[in-house]
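Beneath this line is the structure, given in structure tokens, with notes to follow.
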Amino acid sequence: MTTIQTKSGRKQARWENYQHEAHWRSAADEFDAAKLGMWLFLTTEVLLFAGIFCAYAMFRMLYPEAFAIGSGYLDVKFGLLNTVVLLISSFTVAMAVRCAQKNQQFWLRTNLYITLVCAGLFLLIKFLFEYTPKWSGYFFFLDPTLGHYEKSGQTALWGMFHFVEGYGGKRPGAFFDYPFAQHYAEPLWWAVYYGGTAIHALHVVIGAGLLTWVLVRSYKGIYGPKNYTMVETSGLYWHLVDLVWIFLFPLLYLIH
Amino acid sequence: MTVMDRPHDVMGHGHEEGSFLDNRGLGFWGTIWDWASTVDHKKIGVMYLVAVLTMFFIGGVAGLAVRLELFEPMTVNAANEVEGVLFNAGKLVQTETGEMVRDRTLTAAGAGNTYNRIFTIHGAVMVFMFIIPSVPAALGNFLLPIMLGAKDVAFPKLNLLSWYIYVVGSLFGVVALIMGGTDTGWTFYTPYSIQTDADYYRVVLMVGAAFILGFSSILTGLNFIVTVHKLRAPGMGWFDMPLFIWAIYATSIIQVLATPVIGITLLLLIFERLFRVGIFDPSMGGDPVLYQHFFWFYSHPVVYVMILPGMGIISELLAVHSRKHIFGYRAIAFSSLGIAGVSFIVWGHHMFTAMGELASAVFSALTFLVAIPTAIKVFNWIATLYKGSIALNTPMLYALSFLFLFSIGGLTGLPLGALATDLHLHDSYFVVAHFHYVMMGGTVIAFIGGLHHWWPKMFGRMYNEKIGMLGCALVFIGFNVTFFTQFILGTQGMPRRYASYVEHFQLLHQISTVGSWILAVGFLVHLANFLHSLVAGPKAPPNPWGGLTLEWETESPPIAHNFHHEPLVKHGPYDFESVVPPHCSEEDYPLPKSVS
């Protein structure tokens, strides 16, 4: 950890010398304001997703069969796995805040690392096991569901992806080209599915970016009991990412 | 005196700080960099002022062009010519000799194409790039921290980021404009906005501009809410805040809660344009009315984002320039929050013809609720004037104009909110006149009035009062001539957004167009007056109007850190009966004898 030599000769971590910005009366005020600001921002994020949920509600009301069929194409296993991954990451990010408050620098970083690994895992599962096969018909060779289907023999990327005939083409709107569609509104279901999950995935990336920044800065000894604002606000953002998924998961995967 | 440790008393042993405009020793590029990288809310406010006035100019020119086109009914030939010259339109076809030429034979539908693009520019620029950021981002940024007795807004870097986002968003809009503009109207209604200009990215750019500008709006609102909560000076309770701050606070709440919804809506519209996802496309089972619901769930509340700060300005102007304690302080403060609350439940009145009868009736009833907090404000303002010592200067004239014009604008909203009359009036010039009376007669008038009121504070120079009053008179007359005629046109059945009309309407259209010229002259007079003031105006005293809010405690223009010492608030913002204004003598501002 980077330290600062004080006049008395004692070495101090940078967080011990934390100075609040000049326009604040105290560091406590600054901290409260940052938290209030982040909560307000989270409100705007909830309202952003409200648009997606609203469109979901309306089209599910209009085309319940298309939504039931569409949901049937999703694999609950992967959705559940991703839910567990995000819940674990929410726990570790909360622990990271706790560790910053208690000046446990090693565990602060460890928790952040676990959170980031979870974020990567979430995106990996989403893209490799969910988006790619549905969009293109190509299955990742480690995909446990691949055994259910007959491989066409066609592969891509040095044999890592196997093509399954008649599986892909489940795309939104004008891109829809799935040969066994049963309902004319299925493209709309995929528009809601991809719209909702892709915007959520974008938030996972932004949240992971924020936490990476916190992690890098934590090596400089910036965060500790006197200054953990960034750890806490980034953590709050990460909880929102988790929370949105907690709503998306049952609405997309668990309907008939 | 109301502030402990008055700056002037301690000048001797204190540090002398320069004004925030001071750029001595920086050189040209140094000054540019100083402004471009500043986190000082005052400089950001001034940068917003320059930016929004530039957009006001662009939008204003487009508005004048719209009026000019309507001077006489349009013929297909004339439209053809304009279209050809401005946009080089028409398909490339090969002639018999093998030459490529543009086929300029236009259909009747194409006749108003140019007109459609120009009124879209007018609408989109004025709404997204001028009115929404005008008062909150320009005047609000400059004044909010000073009025609260703070050194800056809560998140100064975020504040600068908002400005850059605003500029990037506006540039997107300007690029779309240079590429030929869009013909969707500022509301981008689907399915038309999905299909039009299919081979160009102009619609995507314009929608993208509105999307980006939304983030600027959200971040500014968020910043202001936190600032009001956390940075009030010692001694300033919630009910010691100036009413301008209450108005900005209510505005910020709407900005934070409504703007994300337009964000997702415009994002889906961009997806729709680029990827044809089908959510708003009826041919794929999507629903264009859903777009309208989403759009107005933001855009109706945002109407109050436009008017509420204007109302805040009027509360300040009327109290200061009539030297009266504002009548019904709490009623005005709460009515701001009331308007913000009601604003979220009335969006359906933009779709009376696209909803069921019950929904329409409910939205109509809810719409009338808006009248209550609005009327509370108007009555309180008029009561404030009663027995006040009214100074008829430019800010006061603008405040009086506001009362007159805004009342007309507000009251003409009632027949539009009532189902039966709306069937006759909707999509007519009556609607155009109504919202111009509210947006321009309300917000723009308040903005210009506020600009005159705080100009000496912002730039440390007085403007010429007589020229200011002349400009105000021209604007007032020009505005009424332009838009009152449109009420009559609307009731007679002139539909909005038409490039042409039957000859019967020509006289009224011509009067309206002449009015727009008077209006333009009025604004140019103000512009000249302000520019003259910057160059040669007499130096402004710290408190030229005898105001009691905290911005008048500090220098004109304010020093870099706003105050020499943190102010301690000991009186309310409108206690004209009991407090001699800072930097003023009791001779100039005598206190009324108590009537025990």
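Residues in the structure tokens are numbered from 1 in each chain, the chains being A, B, ... in the order shown, and ligands are numbered from 1 in the order shown.
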
At most 9 Å is the cut-off: for each residue in chain B with any atom that close to an atom of chain A, write down the nearest atom pair and the distance in Å rounded to one decimal, counting only C-alpha atoms, chain first then increasing number, as JSON lines.
{"residue": "B:Ala150", "atom": "CA", "partner": "A:His23", "partner_atom": "CA", "distance": 7.2}
{"residue": "B:Lys151", "atom": "CA", "partner": "A:His23", "partner_atom": "CA", "distance": 5.2}
{"residue": "B:Asp152", "atom": "CA", "partner": "A:His23", "partner_atom": "CA", "distance": 6.1}
{"residue": "B:Val153", "atom": "CA", "partner": "A:His23", "partner_atom": "CA", "distance": 8.1}
{"residue": "B:Ala154", "atom": "CA", "partner": "A:Ala33", "partner_atom": "CA", "distance": 7.1}
{"residue": "B:Phe155", "atom": "CA", "partner": "A:Ala34", "partner_atom": "CA", "distance": 8.3}
{"residue": "B:Ile218", "atom": "CA", "partner": "A:Thr44", "partner_atom": "CA", "distance": 8.0}
{"residue": "B:Leu219", "atom": "CA", "partner": "A:Phe41", "partner_atom": "CA", "distance": 8.3}
{"residue": "B:Leu222", "atom": "CA", "partner": "A:Gly37", "partner_atom": "CA", "distance": 6.4}
{"residue": "B:Asn223", "atom": "CA", "partner": "A:Gly37", "partner_atom": "CA", "distance": 7.2}
{"residue": "B:Ile225", "atom": "CA", "partner": "A:Gly37", "partner_atom": "CA", "distance": 8.3}
{"residue": "B:Val226", "atom": "CA", "partner": "A:Ala33", "partner_atom": "CA", "distance": 6.0}
{"residue": "B:Thr227", "atom": "CA", "partner": "A:Ala33", "partner_atom": "CA", "distance": 8.0}
{"residue": "B:His229", "atom": "CA", "partner": "A:Ala33", "partner_atom": "CA", "distance": 8.1}
{"residue": "B:Lys230", "atom": "CA", "partner": "A:Ala33", "partner_atom": "CA", "distance": 6.4}
{"residue": "B:Leu231", "atom": "CA", "partner": "A:Trp24", "partner_atom": "CA", "distance": 7.5}
{"residue": "B:Val256", "atom": "CA", "partner": "A:Thr44", "partner_atom": "CA", "distance": 6.1}
{"residue": "B:Leu257", "atom": "CA", "partner": "A:Thr44", "partner_atom": "CA", "distance": 6.1}
{"residue": "B:Ala258", "atom": "CA", "partner": "A:Leu47", "partner_atom": "CA", "distance": 7.8}
{"residue": "B:Thr259", "atom": "CA", "partner": "A:Thr44", "partner_atom": "CA", "distance": 7.8}
{"residue": "B:Pro260", "atom": "CA", "partner": "A:Leu48", "partner_atom": "CA", "distance": 4.8}
{"residue": "B:Val261", "atom": "CA", "partner": "A:Leu48", "partner_atom": "CA", "distance": 5.3}
{"residue": "B:Ile262", "atom": "CA", "partner": "A:Leu48", "partner_atom": "CA", "distance": 8.2}
{"residue": "B:Gly263", "atom": "CA", "partner": "A:Leu48", "partner_atom": "CA", "distance": 6.8}
{"residue": "B:Ile264", "atom": "CA", "partner": "A:Leu48", "partner_atom": "CA", "distance": 5.6}
{"residue": "B:Thr265", "atom": "CA", "partner": "A:Gly51", "partner_atom": "CA", "distance": 7.0}
{"residue": "B:Leu268", "atom": "CA", "partner": "A:Gly195", "partner_atom": "CA", "distance": 8.1}
{"residue": "B:Phe271", "atom": "CA", "partner": "A:Gly195", "partner_atom": "CA", "distance": 8.8}
{"residue": "B:Glu272", "atom": "CA", "partner": "A:Gly173", "partner_atom": "CA", "distance": 8.7}
{"residue": "B:Phe275", "atom": "CA", "partner": "A:Ala174", "partner_atom": "CA", "distance": 7.1}
{"residue": "B:Arg276", "atom": "CA", "partner": "A:Ala174", "partner_atom": "CA", "distance": 5.4}
{"residue": "B:Val277", "atom": "CA", "partner": "A:Gly173", "partner_atom": "CA", "distance": 3.8}
{"residue": "B:Gly278", "atom": "CA", "partner": "A:Gly173", "partner_atom": "CA", "distance": 4.9}
{"residue": "B:Ile279", "atom": "CA", "partner": "A:Leu188", "partner_atom": "CA", "distance": 6.4}
{"residue": "B:Met284", "atom": "CA", "partner": "A:Gly173", "partner_atom": "CA", "distance": 7.1}
{"residue": "B:Gly285", "atom": "CA", "partner": "A:Ala185", "partner_atom": "CA", "distance": 6.1}
{"residue": "B:Gly286", "atom": "CA", "partner": "A:Leu188", "partner_atom": "CA", "distance": 7.1}
{"residue": "B:Asp287", "atom": "CA", "partner": "A:Phe59", "partner_atom": "CA", "distance": 8.7}
{"residue": "B:Leu290", "atom": "CA", "partner": "A:Ala55", "partner_atom": "CA", "distance": 7.7}
{"residue": "B:Phe294", "atom": "CA", "partner": "A:Gly51", "partner_atom": "CA", "distance": 7.4}
{"residue": "B:His561", "atom": "CA", "partner": "A:His23", "partner_atom": "CA", "distance": 8.8}

Show which residues sit within 12 Å of stretch 100-110 of chain A, as a ChimeraX atom specification. Count only C-alpha atoms, and ignore same-chain residues fewer than 2 positions away. /A:1-2,13-16,89,92-98,112-117,211-232,235

Just-selected residues, C-alpha atoms written as a short mmCIF file (atom, residue, chain, number, x, y, z; two decimals), in the first residue's frame:
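Written out: result-v7.cif:
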data_model
loop_
_atom_site.label_atom_id
_atom_site.label_comp_id
_atom_site.auth_asym_id
_atom_site.auth_seq_id
_atom_site.Cartn_x
_atom_site.Cartn_y
_atom_site.Cartn_z
CA MET A 1 0.00 0.00 0.00
CA THR A 2 1.24 3.47 -0.82
CA ALA A 13 -2.03 5.26 4.59
CA ARG A 14 -3.50 7.74 2.14
CA TRP A 15 -7.02 7.30 3.46
CA GLU A 16 -5.88 8.57 6.85
CA SER A 89 -21.36 -10.84 -6.30
CA THR A 92 -19.03 -9.81 -1.93
CA VAL A 93 -19.46 -6.18 -2.91
CA ALA A 94 -21.27 -5.54 0.37
CA MET A 95 -18.39 -7.26 2.16
CA ALA A 96 -15.94 -5.06 0.26
CA VAL A 97 -17.59 -1.98 1.77
CA ARG A 98 -17.41 -3.57 5.20
CA LEU A 112 -13.69 -6.87 -5.31
CA TYR A 113 -11.87 -9.53 -7.32
CA ILE A 114 -14.60 -12.09 -6.61
CA THR A 115 -17.25 -9.55 -7.62
CA LEU A 116 -15.47 -8.85 -10.88
CA VAL A 117 -15.04 -12.55 -11.61
CA LEU A 211 -15.58 -1.61 -9.53
CA THR A 212 -12.38 -2.12 -11.54
CA TRP A 213 -11.59 1.53 -11.07
CA VAL A 214 -12.19 1.17 -7.34
CA LEU A 215 -9.97 -1.91 -7.27
CA VAL A 216 -7.11 -0.14 -9.07
CA ARG A 217 -7.35 2.82 -6.74
CA SER A 218 -7.53 0.58 -3.68
CA TYR A 219 -3.93 -0.47 -4.40
CA LYS A 220 -2.93 3.12 -3.70
CA GLY A 221 -4.40 2.86 -0.22
CA ILE A 222 -7.04 5.45 -0.97
CA TYR A 223 -9.90 3.59 0.70
CA GLY A 224 -10.18 3.04 4.42
CA PRO A 225 -12.36 3.88 7.41
CA LYS A 226 -12.10 7.63 6.68
CA ASN A 227 -12.82 7.37 2.98
CA TYR A 228 -14.87 4.60 1.45
CA THR A 229 -17.34 6.74 -0.51
CA MET A 230 -16.44 5.34 -3.91
CA VAL A 231 -16.53 1.75 -2.64
CA GLU A 232 -19.99 2.27 -1.21
CA GLY A 235 -21.42 -1.07 -4.50
#

Within 8 Å of B:Ser134, counting only C-alpha atoms, which residues qualify if same-chain residues fewer than 2 places away don't, as a list in words?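 So the residues in contact are Tyr48, Leu49, Val52, Phe130, Ile131, Ile132, Pro136, Ala137, Ala138, Leu139 and Phe447 of chain B.
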
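In terms of minimum interatomic distance to B:Gly45, B:Pro156 ranks closest within B:Glu96, B:Trp238, B:Arg67, B:Pro156, counting only C-alpha atoms.
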
Mind checking DSSP for stretch 121-255 of chain A and telling me the strand (DSSP E) residues as a PDB file with C-alpha atoms, in the first residue's frame?
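Once written, states.pdb looks like this:
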ATOM      1  CA  TYR A 138     -23.937 -22.104 -32.995  1.00  0.00           C
ATOM      2  CA  PHE A 139     -23.387 -23.874 -29.642  1.00  0.00           C
ATOM      3  CA  PHE A 140     -20.244 -23.522 -27.539  1.00  0.00           C
ATOM      4  CA  LYS A 151     -24.905 -31.430 -34.642  1.00  0.00           C
ATOM      5  CA  SER A 152     -24.857 -30.546 -38.307  1.00  0.00           C
ATOM      6  CA  GLY A 153     -21.116 -31.030 -38.392  1.00  0.00           C
ATOM      7  CA  GLN A 154     -20.549 -27.407 -39.316  1.00  0.00           C
ATOM      8  CA  THR A 155     -18.205 -25.656 -36.853  1.00  0.00           C
ATOM      9  CA  ALA A 156     -16.781 -22.188 -36.340  1.00  0.00           C
ATOM     10  CA  PHE A 161     -18.743 -23.711 -31.843  1.00  0.00           C
ATOM     11  CA  HIS A 162     -20.977 -26.390 -33.314  1.00  0.00           C
ATOM     12  CA  PHE A 163     -23.871 -25.531 -35.579  1.00  0.00           C
ATOM     13  CA  VAL A 164     -27.289 -27.039 -34.922  1.00  0.00           C
TER      14      VAL A 164
END

Can you list, as an NGL selection string, all residues belonging to stretch 36-139 of chain A that DSSP tags as alpha helix (DSSP H)? :A and (36-62 or 64-73 or 76-101 or 105-124 or 132-136)

May I have the selected residues written with C-alpha atoms, as a compact mmCIF listing (two decimals), in the first residue's frame?
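Output file again12.txt is given in full below:
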# COMPACT_ATOMS: atom_id res chain seq x y z
CA LEU A 36 -27.84 10.79 -1.89
CA GLY A 37 -26.58 11.50 -5.39
CA MET A 38 -26.07 7.82 -6.11
CA TRP A 39 -29.51 6.90 -4.76
CA LEU A 40 -31.07 9.54 -7.02
CA PHE A 41 -29.13 8.16 -9.94
CA LEU A 42 -30.36 4.66 -9.10
CA THR A 43 -33.90 6.04 -9.16
CA THR A 44 -33.31 7.20 -12.72
CA GLU A 45 -31.97 3.75 -13.60
CA VAL A 46 -35.07 2.09 -12.18
CA LEU A 47 -37.21 4.43 -14.29
CA LEU A 48 -35.12 3.62 -17.35
CA PHE A 49 -35.84 -0.07 -16.89
CA ALA A 50 -39.45 0.79 -16.12
CA GLY A 51 -39.86 1.49 -19.83
CA ILE A 52 -38.74 -2.05 -20.66
CA PHE A 53 -40.96 -3.57 -17.97
CA CYS A 54 -43.89 -1.49 -19.20
CA ALA A 55 -43.40 -2.68 -22.78
CA TYR A 56 -43.10 -6.23 -21.41
CA ALA A 57 -46.38 -5.91 -19.48
CA MET A 58 -48.22 -4.52 -22.46
CA PHE A 59 -47.06 -7.02 -25.04
CA ARG A 60 -47.51 -9.94 -22.66
CA MET A 61 -51.10 -8.77 -22.17
CA LEU A 62 -51.58 -8.48 -25.94
CA PRO A 64 -49.74 -14.07 -23.91
CA GLU A 65 -49.22 -17.14 -26.13
CA ALA A 66 -46.23 -15.66 -27.92
CA PHE A 67 -44.64 -14.84 -24.57
CA ALA A 68 -45.32 -18.33 -23.20
CA ILE A 69 -43.81 -19.92 -26.30
CA GLY A 70 -40.88 -17.49 -26.26
CA SER A 71 -40.16 -18.11 -22.61
CA GLY A 72 -40.22 -21.83 -23.34
CA TYR A 73 -37.13 -21.43 -25.54
CA VAL A 76 -34.07 -21.90 -16.69
CA LYS A 77 -30.79 -23.54 -15.66
CA PHE A 78 -28.71 -20.75 -17.17
CA GLY A 79 -31.02 -18.05 -15.82
CA LEU A 80 -30.83 -19.54 -12.36
CA LEU A 81 -27.07 -19.93 -12.55
CA ASN A 82 -26.72 -16.28 -13.50
CA THR A 83 -29.03 -15.28 -10.66
CA VAL A 84 -26.84 -17.15 -8.18
CA VAL A 85 -23.69 -15.63 -9.67
CA LEU A 86 -25.09 -12.10 -9.30
CA LEU A 87 -26.35 -12.74 -5.77
CA ILE A 88 -22.89 -13.94 -4.73
CA SER A 89 -21.36 -10.84 -6.30
CA SER A 90 -23.81 -8.62 -4.43
CA PHE A 91 -22.72 -10.27 -1.17
CA THR A 92 -19.03 -9.81 -1.93
CA VAL A 93 -19.46 -6.18 -2.91
CA ALA A 94 -21.27 -5.54 0.37
CA MET A 95 -18.39 -7.26 2.16
CA ALA A 96 -15.94 -5.06 0.26
CA VAL A 97 -17.59 -1.98 1.77
CA ARG A 98 -17.41 -3.57 5.20
CA CYS A 99 -13.71 -4.36 4.72
CA ALA A 100 -12.97 -0.80 3.62
CA GLN A 101 -14.69 0.47 6.76
CA GLN A 105 -7.18 -3.94 2.65
CA PHE A 106 -6.47 -7.52 1.57
CA TRP A 107 -10.08 -8.63 1.97
CA LEU A 108 -11.34 -5.43 0.35
CA ARG A 109 -9.42 -6.34 -2.78
CA THR A 110 -10.28 -10.04 -2.57
CA ASN A 111 -13.97 -9.26 -2.39
CA LEU A 112 -13.69 -6.87 -5.31
CA TYR A 113 -11.87 -9.53 -7.32
CA ILE A 114 -14.60 -12.09 -6.61
CA THR A 115 -17.25 -9.55 -7.62
CA LEU A 116 -15.47 -8.85 -10.88
CA VAL A 117 -15.04 -12.55 -11.61
CA CYS A 118 -18.79 -12.99 -11.04
CA ALA A 119 -19.50 -10.10 -13.42
CA GLY A 120 -17.36 -11.76 -16.07
CA LEU A 121 -19.00 -15.13 -15.43
CA PHE A 122 -22.44 -13.60 -15.82
CA LEU A 123 -21.56 -12.06 -19.17
CA LEU A 124 -19.84 -15.22 -20.34
CA THR A 132 -25.07 -17.09 -29.38
CA PRO A 133 -27.05 -20.33 -29.88
CA LYS A 134 -30.40 -18.55 -30.06
CA TRP A 135 -29.17 -15.88 -32.42
CA SER A 136 -27.01 -17.98 -34.75
